[in-house]
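Engineer: File follows, work-v7.cif with mmCIF, N, CA, C and O atoms and all ligand atoms:
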data_entry
#
loop_
_atom_site.label_atom_id
_atom_site.label_comp_id
_atom_site.auth_asym_id
_atom_site.auth_seq_id
_atom_site.Cartn_x
_atom_site.Cartn_y
_atom_site.Cartn_z
N MET A 1 159.20 34.83 -59.73
CA MET A 1 158.33 36.00 -59.86
C MET A 1 156.88 35.59 -59.68
O MET A 1 156.41 34.63 -60.27
N VAL A 2 156.21 36.32 -58.83
CA VAL A 2 154.78 36.10 -58.61
C VAL A 2 154.05 37.29 -59.22
O VAL A 2 154.50 38.42 -59.08
N ILE A 3 152.97 37.04 -59.90
CA ILE A 3 152.20 38.16 -60.46
C ILE A 3 151.49 38.86 -59.31
O ILE A 3 150.68 38.24 -58.61
N PRO A 4 151.83 40.13 -59.07
CA PRO A 4 151.25 40.82 -57.91
C PRO A 4 149.82 41.30 -58.21
O PRO A 4 149.36 41.25 -59.35
N GLU A 5 149.13 41.76 -57.18
CA GLU A 5 147.77 42.28 -57.36
C GLU A 5 147.80 43.72 -57.85
O GLU A 5 146.87 44.19 -58.48
N ARG A 6 148.85 44.43 -57.48
CA ARG A 6 148.96 45.82 -57.91
C ARG A 6 150.43 46.20 -58.01
O ARG A 6 151.30 45.56 -57.40
N ILE A 7 150.67 47.24 -58.78
CA ILE A 7 152.04 47.73 -58.91
C ILE A 7 152.00 49.25 -58.96
O ILE A 7 151.13 49.84 -59.61
N LYS A 8 152.92 49.87 -58.24
CA LYS A 8 152.93 51.32 -58.14
C LYS A 8 153.98 51.88 -59.09
O LYS A 8 155.13 51.41 -59.11
N ILE A 9 153.59 52.84 -59.89
CA ILE A 9 154.52 53.55 -60.77
C ILE A 9 154.36 55.03 -60.45
O ILE A 9 153.33 55.62 -60.78
N LEU A 10 155.33 55.57 -59.76
CA LEU A 10 155.28 56.92 -59.22
C LEU A 10 153.99 57.08 -58.41
O LEU A 10 153.79 56.34 -57.46
N PHE A 11 153.09 57.98 -58.78
CA PHE A 11 151.88 58.15 -57.96
C PHE A 11 150.70 57.33 -58.45
O PHE A 11 149.62 57.38 -57.88
N LYS A 12 150.89 56.56 -59.52
CA LYS A 12 149.79 55.71 -59.99
C LYS A 12 149.93 54.31 -59.40
O LYS A 12 151.03 53.80 -59.28
N GLU A 13 148.78 53.73 -59.06
CA GLU A 13 148.80 52.36 -58.56
C GLU A 13 147.92 51.50 -59.46
O GLU A 13 146.70 51.62 -59.44
N TYR A 14 148.58 50.71 -60.27
CA TYR A 14 147.87 49.87 -61.24
C TYR A 14 147.38 48.58 -60.59
O TYR A 14 148.17 47.86 -59.97
N GLN A 15 146.09 48.31 -60.75
CA GLN A 15 145.52 47.01 -60.34
C GLN A 15 145.82 46.03 -61.48
O GLN A 15 145.64 46.39 -62.65
N ILE A 16 146.23 44.84 -61.12
CA ILE A 16 146.51 43.84 -62.15
C ILE A 16 145.37 42.82 -62.15
O ILE A 16 145.08 42.22 -61.11
N GLU A 17 144.72 42.69 -63.29
CA GLU A 17 143.57 41.79 -63.39
C GLU A 17 143.77 40.82 -64.55
O GLU A 17 144.29 41.21 -65.59
N GLN A 18 143.33 39.59 -64.33
CA GLN A 18 143.39 38.61 -65.41
C GLN A 18 141.98 38.46 -65.97
O GLN A 18 141.02 38.32 -65.22
N ARG A 19 141.90 38.52 -67.30
CA ARG A 19 140.59 38.45 -67.95
C ARG A 19 140.61 37.46 -69.10
O ARG A 19 141.61 37.31 -69.77
N GLU A 20 139.45 36.86 -69.33
CA GLU A 20 139.30 35.97 -70.48
C GLU A 20 138.96 36.79 -71.72
O GLU A 20 138.32 37.84 -71.61
N GLY A 21 139.37 36.30 -72.86
CA GLY A 21 138.95 36.88 -74.13
C GLY A 21 139.32 38.33 -74.31
O GLY A 21 138.52 39.13 -74.82
N LEU A 22 140.53 38.69 -73.88
CA LEU A 22 140.99 40.06 -74.02
C LEU A 22 141.29 40.32 -75.50
O LEU A 22 142.02 39.57 -76.14
N HIS A 23 140.69 41.35 -76.06
CA HIS A 23 140.94 41.63 -77.48
C HIS A 23 140.79 43.10 -77.79
O HIS A 23 140.18 43.87 -77.04
N ASP A 24 141.38 43.47 -78.93
CA ASP A 24 141.29 44.83 -79.44
C ASP A 24 140.73 44.69 -80.86
O ASP A 24 141.46 44.33 -81.77
N GLY A 25 139.44 44.91 -81.03
CA GLY A 25 138.80 44.63 -82.30
C GLY A 25 138.85 43.14 -82.56
O GLY A 25 138.43 42.35 -81.73
N ALA A 26 139.40 42.76 -83.70
CA ALA A 26 139.47 41.33 -84.05
C ALA A 26 140.70 40.65 -83.46
O ALA A 26 140.79 39.43 -83.45
N ASP A 27 141.65 41.44 -82.98
CA ASP A 27 142.91 40.86 -82.52
C ASP A 27 142.85 40.47 -81.04
O ASP A 27 142.46 41.28 -80.20
N ASP A 28 143.29 39.24 -80.77
CA ASP A 28 143.45 38.83 -79.37
C ASP A 28 144.66 39.55 -78.78
O ASP A 28 145.64 39.77 -79.48
N LEU A 29 144.55 39.91 -77.52
CA LEU A 29 145.67 40.61 -76.87
C LEU A 29 146.24 39.74 -75.75
O LEU A 29 145.51 39.02 -75.08
N TYR A 30 147.55 39.84 -75.57
CA TYR A 30 148.19 39.21 -74.41
C TYR A 30 147.88 40.03 -73.16
O TYR A 30 147.73 39.51 -72.07
N GLY A 31 147.85 41.34 -73.35
CA GLY A 31 147.61 42.21 -72.21
C GLY A 31 147.36 43.62 -72.67
O GLY A 31 147.43 43.94 -73.86
N GLN A 32 147.06 44.48 -71.69
CA GLN A 32 146.71 45.86 -72.03
C GLN A 32 146.90 46.71 -70.77
O GLN A 32 146.63 46.25 -69.66
N ILE A 33 147.37 47.94 -70.97
CA ILE A 33 147.47 48.87 -69.84
C ILE A 33 146.46 49.99 -70.06
O ILE A 33 146.33 50.51 -71.18
N CYS A 34 145.72 50.33 -69.03
CA CYS A 34 144.74 51.41 -69.10
C CYS A 34 145.25 52.52 -68.18
O CYS A 34 145.19 52.40 -66.96
N TYR A 35 145.78 53.56 -68.79
CA TYR A 35 146.44 54.62 -68.01
C TYR A 35 145.45 55.37 -67.12
O TYR A 35 145.77 55.74 -66.00
N PHE A 36 144.25 55.61 -67.61
CA PHE A 36 143.28 56.40 -66.85
C PHE A 36 142.65 55.59 -65.72
O PHE A 36 142.48 56.09 -64.61
N ASP A 37 142.31 54.35 -66.03
CA ASP A 37 141.71 53.48 -65.00
C ASP A 37 142.75 52.88 -64.06
O ASP A 37 142.39 52.24 -63.08
N GLU A 38 144.02 53.05 -64.39
CA GLU A 38 145.12 52.47 -63.61
C GLU A 38 144.92 50.96 -63.45
O GLU A 38 144.88 50.43 -62.34
N LYS A 39 144.80 50.30 -64.58
CA LYS A 39 144.66 48.84 -64.61
C LYS A 39 145.62 48.24 -65.62
O LYS A 39 145.85 48.83 -66.68
N ILE A 40 146.17 47.08 -65.27
CA ILE A 40 146.90 46.28 -66.24
C ILE A 40 146.12 44.98 -66.37
O ILE A 40 145.88 44.29 -65.37
N LEU A 41 145.69 44.68 -67.60
CA LEU A 41 144.90 43.48 -67.84
C LEU A 41 145.78 42.43 -68.51
O LEU A 41 146.54 42.75 -69.42
N LEU A 42 145.67 41.21 -68.02
CA LEU A 42 146.42 40.09 -68.61
C LEU A 42 145.43 39.06 -69.11
O LEU A 42 144.42 38.78 -68.43
N ASN A 43 145.71 38.49 -70.28
CA ASN A 43 144.84 37.46 -70.84
C ASN A 43 144.99 36.17 -70.03
O ASN A 43 146.07 35.58 -69.98
N SER A 44 143.91 35.76 -69.39
CA SER A 44 143.98 34.61 -68.47
C SER A 44 144.20 33.30 -69.20
O SER A 44 144.55 32.30 -68.58
N SER A 45 144.02 33.27 -70.53
CA SER A 45 144.25 32.03 -71.29
C SER A 45 145.72 31.75 -71.54
O SER A 45 146.08 30.66 -71.96
N CYS A 46 146.58 32.75 -71.32
CA CYS A 46 148.01 32.58 -71.61
C CYS A 46 148.71 31.76 -70.54
O CYS A 46 148.21 31.63 -69.42
N SER A 47 149.88 31.24 -70.89
CA SER A 47 150.70 30.51 -69.92
C SER A 47 151.22 31.48 -68.87
O SER A 47 151.22 32.69 -69.08
N GLU A 48 151.67 30.94 -67.74
CA GLU A 48 152.21 31.79 -66.67
C GLU A 48 153.41 32.60 -67.17
O GLU A 48 153.53 33.78 -66.85
N ASP A 49 154.28 31.95 -67.95
CA ASP A 49 155.45 32.65 -68.48
C ASP A 49 155.03 33.82 -69.38
O ASP A 49 155.59 34.90 -69.29
N GLN A 50 154.03 33.56 -70.22
CA GLN A 50 153.55 34.61 -71.11
C GLN A 50 152.94 35.77 -70.32
O GLN A 50 153.16 36.93 -70.62
N LYS A 51 152.19 35.43 -69.27
CA LYS A 51 151.57 36.48 -68.44
C LYS A 51 152.64 37.35 -67.79
O LYS A 51 152.50 38.57 -67.74
N LYS A 52 153.71 36.72 -67.32
CA LYS A 52 154.78 37.48 -66.66
C LYS A 52 155.50 38.38 -67.66
O LYS A 52 155.79 39.54 -67.37
N ALA A 53 155.79 37.83 -68.84
CA ALA A 53 156.44 38.62 -69.88
C ALA A 53 155.54 39.79 -70.29
O ALA A 53 156.01 40.92 -70.48
N THR A 54 154.24 39.53 -70.38
CA THR A 54 153.29 40.58 -70.75
C THR A 54 153.21 41.64 -69.65
O THR A 54 153.18 42.84 -69.95
N LEU A 55 153.20 41.19 -68.40
CA LEU A 55 153.15 42.15 -67.29
C LEU A 55 154.35 43.10 -67.36
O LEU A 55 154.18 44.32 -67.24
N ILE A 56 155.53 42.56 -67.60
CA ILE A 56 156.72 43.41 -67.69
C ILE A 56 156.61 44.36 -68.88
O ILE A 56 156.93 45.54 -68.78
N HIS A 57 156.12 43.87 -69.99
CA HIS A 57 155.89 44.72 -71.17
C HIS A 57 154.96 45.90 -70.81
O HIS A 57 155.26 47.06 -71.13
N GLU A 58 153.87 45.60 -70.13
CA GLU A 58 152.91 46.66 -69.79
C GLU A 58 153.51 47.62 -68.75
O GLU A 58 153.21 48.81 -68.77
N ILE A 59 154.35 47.10 -67.87
CA ILE A 59 155.03 47.98 -66.89
C ILE A 59 155.96 48.95 -67.63
O ILE A 59 156.03 50.13 -67.28
N VAL A 60 156.65 48.44 -68.66
CA VAL A 60 157.52 49.34 -69.45
C VAL A 60 156.67 50.45 -70.09
O VAL A 60 157.06 51.62 -70.07
N HIS A 61 155.46 50.09 -70.59
CA HIS A 61 154.55 51.12 -71.11
C HIS A 61 154.20 52.13 -70.01
O HIS A 61 154.17 53.34 -70.25
N GLY A 62 153.93 51.61 -68.81
CA GLY A 62 153.57 52.49 -67.70
C GLY A 62 154.70 53.44 -67.32
O GLY A 62 154.46 54.62 -67.04
N LEU A 63 155.92 52.92 -67.32
CA LEU A 63 157.10 53.76 -67.03
C LEU A 63 157.29 54.81 -68.12
O LEU A 63 157.56 55.98 -67.84
N ASP A 64 157.12 54.37 -69.35
CA ASP A 64 157.25 55.27 -70.50
C ASP A 64 156.26 56.43 -70.38
O ASP A 64 156.61 57.59 -70.57
N GLU A 65 155.01 56.10 -70.03
CA GLU A 65 153.97 57.13 -69.91
C GLU A 65 154.28 58.06 -68.74
O GLU A 65 154.21 59.28 -68.87
N MET A 66 154.65 57.48 -67.61
CA MET A 66 154.83 58.28 -66.39
C MET A 66 156.05 59.20 -66.49
O MET A 66 156.01 60.34 -66.03
N TYR A 67 157.11 58.70 -67.08
CA TYR A 67 158.35 59.48 -67.12
C TYR A 67 158.57 60.18 -68.47
O TYR A 67 159.64 60.75 -68.70
N GLY A 68 157.59 60.12 -69.35
CA GLY A 68 157.66 60.83 -70.62
C GLY A 68 158.87 60.44 -71.46
O GLY A 68 159.53 61.28 -72.06
N ILE A 69 159.14 59.13 -71.52
CA ILE A 69 160.33 58.68 -72.26
C ILE A 69 160.07 58.67 -73.77
O ILE A 69 160.98 58.89 -74.55
N ASP A 70 158.82 58.45 -74.15
CA ASP A 70 158.43 58.45 -75.56
C ASP A 70 159.03 57.29 -76.36
O ASP A 70 159.67 57.49 -77.39
N LEU A 71 158.85 56.10 -75.84
CA LEU A 71 159.32 54.90 -76.52
C LEU A 71 158.36 54.50 -77.64
O LEU A 71 157.15 54.73 -77.53
N LYS A 72 158.91 53.90 -78.68
CA LYS A 72 158.08 53.31 -79.74
C LYS A 72 157.71 51.88 -79.30
O LYS A 72 158.41 51.28 -78.47
N GLU A 73 156.64 51.33 -79.88
CA GLU A 73 156.19 49.98 -79.50
C GLU A 73 157.31 48.95 -79.61
O GLU A 73 157.48 48.11 -78.73
N LYS A 74 158.09 49.04 -80.69
CA LYS A 74 159.20 48.09 -80.88
C LYS A 74 160.22 48.19 -79.73
O LYS A 74 160.76 47.18 -79.28
N GLN A 75 160.47 49.41 -79.26
CA GLN A 75 161.41 49.60 -78.15
C GLN A 75 160.83 49.02 -76.86
O GLN A 75 161.55 48.42 -76.07
N VAL A 76 159.52 49.21 -76.66
CA VAL A 76 158.87 48.64 -75.48
C VAL A 76 158.98 47.12 -75.53
O VAL A 76 159.28 46.47 -74.53
N GLU A 77 158.77 46.54 -76.73
CA GLU A 77 158.87 45.08 -76.88
C GLU A 77 160.26 44.59 -76.51
O GLU A 77 160.43 43.62 -75.77
N LYS A 78 161.28 45.28 -77.04
CA LYS A 78 162.66 44.84 -76.80
C LYS A 78 163.06 45.02 -75.34
O LYS A 78 163.68 44.14 -74.74
N LEU A 79 162.72 46.17 -74.76
CA LEU A 79 163.04 46.40 -73.35
C LEU A 79 162.29 45.42 -72.45
O LEU A 79 162.85 44.90 -71.49
N GLY A 80 161.02 45.18 -72.77
CA GLY A 80 160.22 44.24 -71.99
C GLY A 80 160.85 42.86 -72.01
O GLY A 80 161.01 42.23 -70.97
N ASN A 81 161.23 42.39 -73.20
CA ASN A 81 161.89 41.08 -73.31
C ASN A 81 163.21 41.07 -72.57
O ASN A 81 163.55 40.09 -71.90
N ALA A 82 163.97 42.17 -72.68
CA ALA A 82 165.28 42.24 -72.02
C ALA A 82 165.12 42.18 -70.50
O ALA A 82 165.84 41.42 -69.83
N PHE A 83 164.17 42.92 -69.95
CA PHE A 83 163.94 42.88 -68.49
C PHE A 83 163.44 41.51 -68.05
O PHE A 83 163.84 41.01 -66.99
N TYR A 84 162.58 40.91 -68.87
CA TYR A 84 162.05 39.60 -68.53
C TYR A 84 163.18 38.57 -68.48
O TYR A 84 163.28 37.78 -67.54
N MET A 85 164.06 38.60 -69.49
CA MET A 85 165.18 37.66 -69.52
C MET A 85 166.18 37.94 -68.40
O MET A 85 166.72 37.02 -67.81
N LEU A 86 166.40 39.20 -68.10
CA LEU A 86 167.29 39.57 -66.99
C LEU A 86 166.78 38.94 -65.69
O LEU A 86 167.55 38.35 -64.93
N HIS A 87 165.49 39.05 -65.50
CA HIS A 87 164.87 38.47 -64.30
C HIS A 87 164.98 36.94 -64.32
O HIS A 87 165.32 36.31 -63.32
N LYS A 88 164.75 36.31 -65.49
CA LYS A 88 164.79 34.85 -65.58
C LYS A 88 166.20 34.30 -65.36
O LYS A 88 166.39 33.24 -64.79
N GLU A 89 167.18 35.04 -65.86
CA GLU A 89 168.56 34.57 -65.77
C GLU A 89 169.18 34.86 -64.41
O GLU A 89 170.27 34.40 -64.10
N ASN A 90 168.51 35.65 -63.61
CA ASN A 90 168.98 35.97 -62.25
C ASN A 90 167.84 35.72 -61.26
O ASN A 90 167.34 36.65 -60.63
N PRO A 91 167.42 34.46 -61.17
CA PRO A 91 166.16 34.15 -60.49
C PRO A 91 166.09 34.60 -59.02
O PRO A 91 165.02 34.90 -58.54
N ASN A 92 167.21 34.62 -58.33
CA ASN A 92 167.16 34.97 -56.90
C ASN A 92 167.41 36.43 -56.62
O ASN A 92 167.21 36.90 -55.51
N THR A 93 167.86 37.14 -57.62
CA THR A 93 168.32 38.51 -57.41
C THR A 93 167.20 39.46 -57.01
O THR A 93 167.41 40.38 -56.24
N PHE A 94 166.00 39.22 -57.55
CA PHE A 94 164.92 40.19 -57.33
C PHE A 94 163.89 39.70 -56.32
O PHE A 94 162.83 40.28 -56.18
N GLU A 95 164.23 38.62 -55.63
CA GLU A 95 163.28 38.10 -54.64
C GLU A 95 163.37 38.92 -53.36
O GLU A 95 164.41 39.46 -53.01
N ARG A 96 162.26 38.95 -52.65
CA ARG A 96 162.18 39.64 -51.38
C ARG A 96 163.23 39.07 -50.41
O ARG A 96 163.47 37.87 -50.38
N GLY A 97 163.87 39.92 -49.64
CA GLY A 97 164.83 39.46 -48.65
C GLY A 97 166.23 39.33 -49.21
O GLY A 97 167.17 39.02 -48.48
N ASP A 98 166.40 39.59 -50.50
CA ASP A 98 167.70 39.47 -51.11
C ASP A 98 168.34 40.84 -51.32
O ASP A 98 169.27 40.99 -52.07
N VAL A 99 167.81 41.83 -50.62
CA VAL A 99 168.30 43.20 -50.80
C VAL A 99 169.67 43.33 -50.13
O VAL A 99 169.87 42.88 -49.01
N VAL A 100 170.60 43.92 -50.84
CA VAL A 100 171.95 44.10 -50.29
C VAL A 100 171.99 45.37 -49.45
O VAL A 100 171.44 46.38 -49.83
ZN ZN B 201 152.85 47.26 -76.11
#
For the file at hand, write its structure as C-alpha cells.

Structural biologist:
Amino acid sequence: MVIPERIKILFKEYQIEQREGLHDGADDLYGQICYFDEKILLNSSCSEDQKKATLIHEIVHGLDEMYGIDLKEKQVEKLGNAFYMLHKENPNTFERGDVV
C-alpha cells in the first residue's frame, strides 16, 4: 500500500497531507479528517505502518459521513483496524493490475 495524494469518496475528493505536530488541544493526533476542507491529515512523525492504519481509519470516517452510516468512534476504530489487517494479510489482492 502506498499512501496516495488524494482519495475520492463519492463526490468528495480528499487531499492527503502529512503534517508535523498534529494535535487537538493538548492531545497529539495520529490523523484527522476535515469534511468541509476535504483533507485528510496524517501526523508525519508516525511510522509508515501507523500512517497507513490512520489513513484507513480516516477513510472509514469519510465513508461514514458520506453514506450516513452513523458509526460510533469505537466502531470506526474496529472497522479501520479490520480493513487494515485485511489489506496486510492479503498483500497482493488490492494492488493495481490484480483486478479479476
Ligand atoms: Zn476517529

Engineer: Enumerate, as an MDAnalysis selection string, the complete set of residues in segment 20-99 of chain A that a backbone-based DSSP assignment places in strand (DSSP E or B).

Structural biologist: chainID A and resid 23:24 27:28 31:34 39:43

Engineer: Using all atoms listed in the file for the distances, tell me which of A:Glu58, A:Glu89, A:Glu65, A:Asp70 is nearest to ligand ZN 201 (chain B).

Structural biologist: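 When distances to ligand ZN 201 (chain B) are compared using all atoms listed in the file, the smallest one comes from A:Glu58.
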
Engineer: Please report as a tab-separated table every residue of chain A lying within 8 Å of ligand ZN 201 (chain B), along with the nearest atom pair and their distance in Å (one decimal), using only N, CA, C and O atoms and all ligand atoms.

Structural biologist:
residue	atom	partner	partner_atom	distance
A:Gly31	O	B:ZN201	ZN	6.7
A:Gln32	CA	B:ZN201	ZN	7.5
A:Ile33	N	B:ZN201	ZN	7.5
A:Thr54	O	B:ZN201	ZN	7.6
A:His57	O	B:ZN201	ZN	5.5
A:Glu58	N	B:ZN201	ZN	6.3
A:Val60	C	B:ZN201	ZN	7.8
A:His61	CA	B:ZN201	ZN	6.5
A:Lys72	O	B:ZN201	ZN	7.3
A:Glu73	O	B:ZN201	ZN	5.4
A:Lys74	N	B:ZN201	ZN	7.2
A:Val76	C	B:ZN201	ZN	6.2
A:Glu77	N	B:ZN201	ZN	6.0

Engineer: Find the nearest atom pair between each residue of segment 33-87 of chain A and segment 1-22 of chain A for residues within 6 Å, count only N, CA, C and O atoms, give distances in Å to one decimal, sort rows by chain and ascending number, and present the table as a Markdown table.

Structural biologist:
| residue | atom | partner | partner_atom | distance |
| --- | --- | --- | --- | --- |
| A:Asp37 | O | A:Glu13 | O | 5.7 |
| A:Glu38 | O | A:Gln15 | N | 2.9 |
| A:Lys39 | CA | A:Gln15 | O | 3.3 |
| A:Ile40 | N | A:Gln15 | O | 2.8 |
| A:Leu41 | CA | A:Glu17 | O | 3.3 |
| A:Leu42 | O | A:Arg19 | N | 2.8 |
| A:Asn43 | CA | A:Arg19 | O | 3.4 |
| A:Ser44 | N | A:Arg19 | O | 2.8 |
| A:Ser45 | N | A:Arg19 | O | 4.8 |

Engineer: Those residues you just picked out, can you put them in a file as a PDB file, keeping the file's coordinate frame with N, CA, C and O atoms?

Structural biologist:
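Heads up, here's the output in selection_26.pdb:
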ATOM      1  N   ASP A  37     142.310  54.350 -66.030  1.00  0.00           N
ATOM      2  CA  ASP A  37     141.710  53.480 -65.000  1.00  0.00           C
ATOM      3  C   ASP A  37     142.750  52.880 -64.060  1.00  0.00           C
ATOM      4  O   ASP A  37     142.390  52.240 -63.080  1.00  0.00           O
ATOM      5  N   GLU A  38     144.020  53.050 -64.390  1.00  0.00           N
ATOM      6  CA  GLU A  38     145.120  52.470 -63.610  1.00  0.00           C
ATOM      7  C   GLU A  38     144.920  50.960 -63.450  1.00  0.00           C
ATOM      8  O   GLU A  38     144.880  50.430 -62.340  1.00  0.00           O
ATOM      9  N   LYS A  39     144.800  50.300 -64.580  1.00  0.00           N
ATOM     10  CA  LYS A  39     144.660  48.840 -64.610  1.00  0.00           C
ATOM     11  C   LYS A  39     145.620  48.240 -65.620  1.00  0.00           C
ATOM     12  O   LYS A  39     145.850  48.830 -66.680  1.00  0.00           O
ATOM     13  N   ILE A  40     146.170  47.080 -65.270  1.00  0.00           N
ATOM     14  CA  ILE A  40     146.900  46.280 -66.240  1.00  0.00           C
ATOM     15  C   ILE A  40     146.120  44.980 -66.370  1.00  0.00           C
ATOM     16  O   ILE A  40     145.880  44.290 -65.370  1.00  0.00           O
ATOM     17  N   LEU A  41     145.690  44.680 -67.600  1.00  0.00           N
ATOM     18  CA  LEU A  41     144.900  43.480 -67.840  1.00  0.00           C
ATOM     19  C   LEU A  41     145.780  42.430 -68.510  1.00  0.00           C
ATOM     20  O   LEU A  41     146.540  42.750 -69.420  1.00  0.00           O
ATOM     21  N   LEU A  42     145.670  41.210 -68.020  1.00  0.00           N
ATOM     22  CA  LEU A  42     146.420  40.090 -68.610  1.00  0.00           C
ATOM     23  C   LEU A  42     145.430  39.060 -69.110  1.00  0.00           C
ATOM     24  O   LEU A  42     144.420  38.780 -68.430  1.00  0.00           O
ATOM     25  N   ASN A  43     145.710  38.490 -70.280  1.00  0.00           N
ATOM     26  CA  ASN A  43     144.840  37.460 -70.840  1.00  0.00           C
ATOM     27  C   ASN A  43     144.990  36.170 -70.030  1.00  0.00           C
ATOM     28  O   ASN A  43     146.070  35.580 -69.980  1.00  0.00           O
ATOM     29  N   SER A  44     143.910  35.760 -69.390  1.00  0.00           N
ATOM     30  CA  SER A  44     143.980  34.610 -68.470  1.00  0.00           C
ATOM     31  C   SER A  44     144.200  33.300 -69.200  1.00  0.00           C
ATOM     32  O   SER A  44     144.550  32.300 -68.580  1.00  0.00           O
ATOM     33  N   SER A  45     144.020  33.270 -70.530  1.00  0.00           N
ATOM     34  CA  SER A  45     144.250  32.030 -71.290  1.00  0.00           C
ATOM     35  C   SER A  45     145.720  31.750 -71.540  1.00  0.00           C
ATOM     36  O   SER A  45     146.080  30.660 -71.960  1.00  0.00           O
TER      37      SER A  45
END

Engineer: Have a look at atom N of Leu71 of chain A and atom CA of Ile59 of chain A and let me know their distance in Å, one decimal.

Structural biologist: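 One can read the atom N of Leu71 of chain A to atom CA of Ile59 of chain A distance as 12.7 Å.
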
Engineer: Quick one: pull the distance between atom CA of Asp27 of chain A and atom C of Leu79 of chain A, Å, one decimal.

Structural biologist: 22.3 Å

Engineer: What is the atom O of Leu86 of chain A-atom N of Cys46 of chain A distance in Å, reported with one decimal?

Structural biologist: 22.6 Å

Engineer: According to DSSP computed on the backbone, where in segment 45-87 of chain A is there helix (DSSP H, G or I)? Give the residues as an MDAnalysis selection string.

Structural biologist: chainID A and resid 48:67 73:87
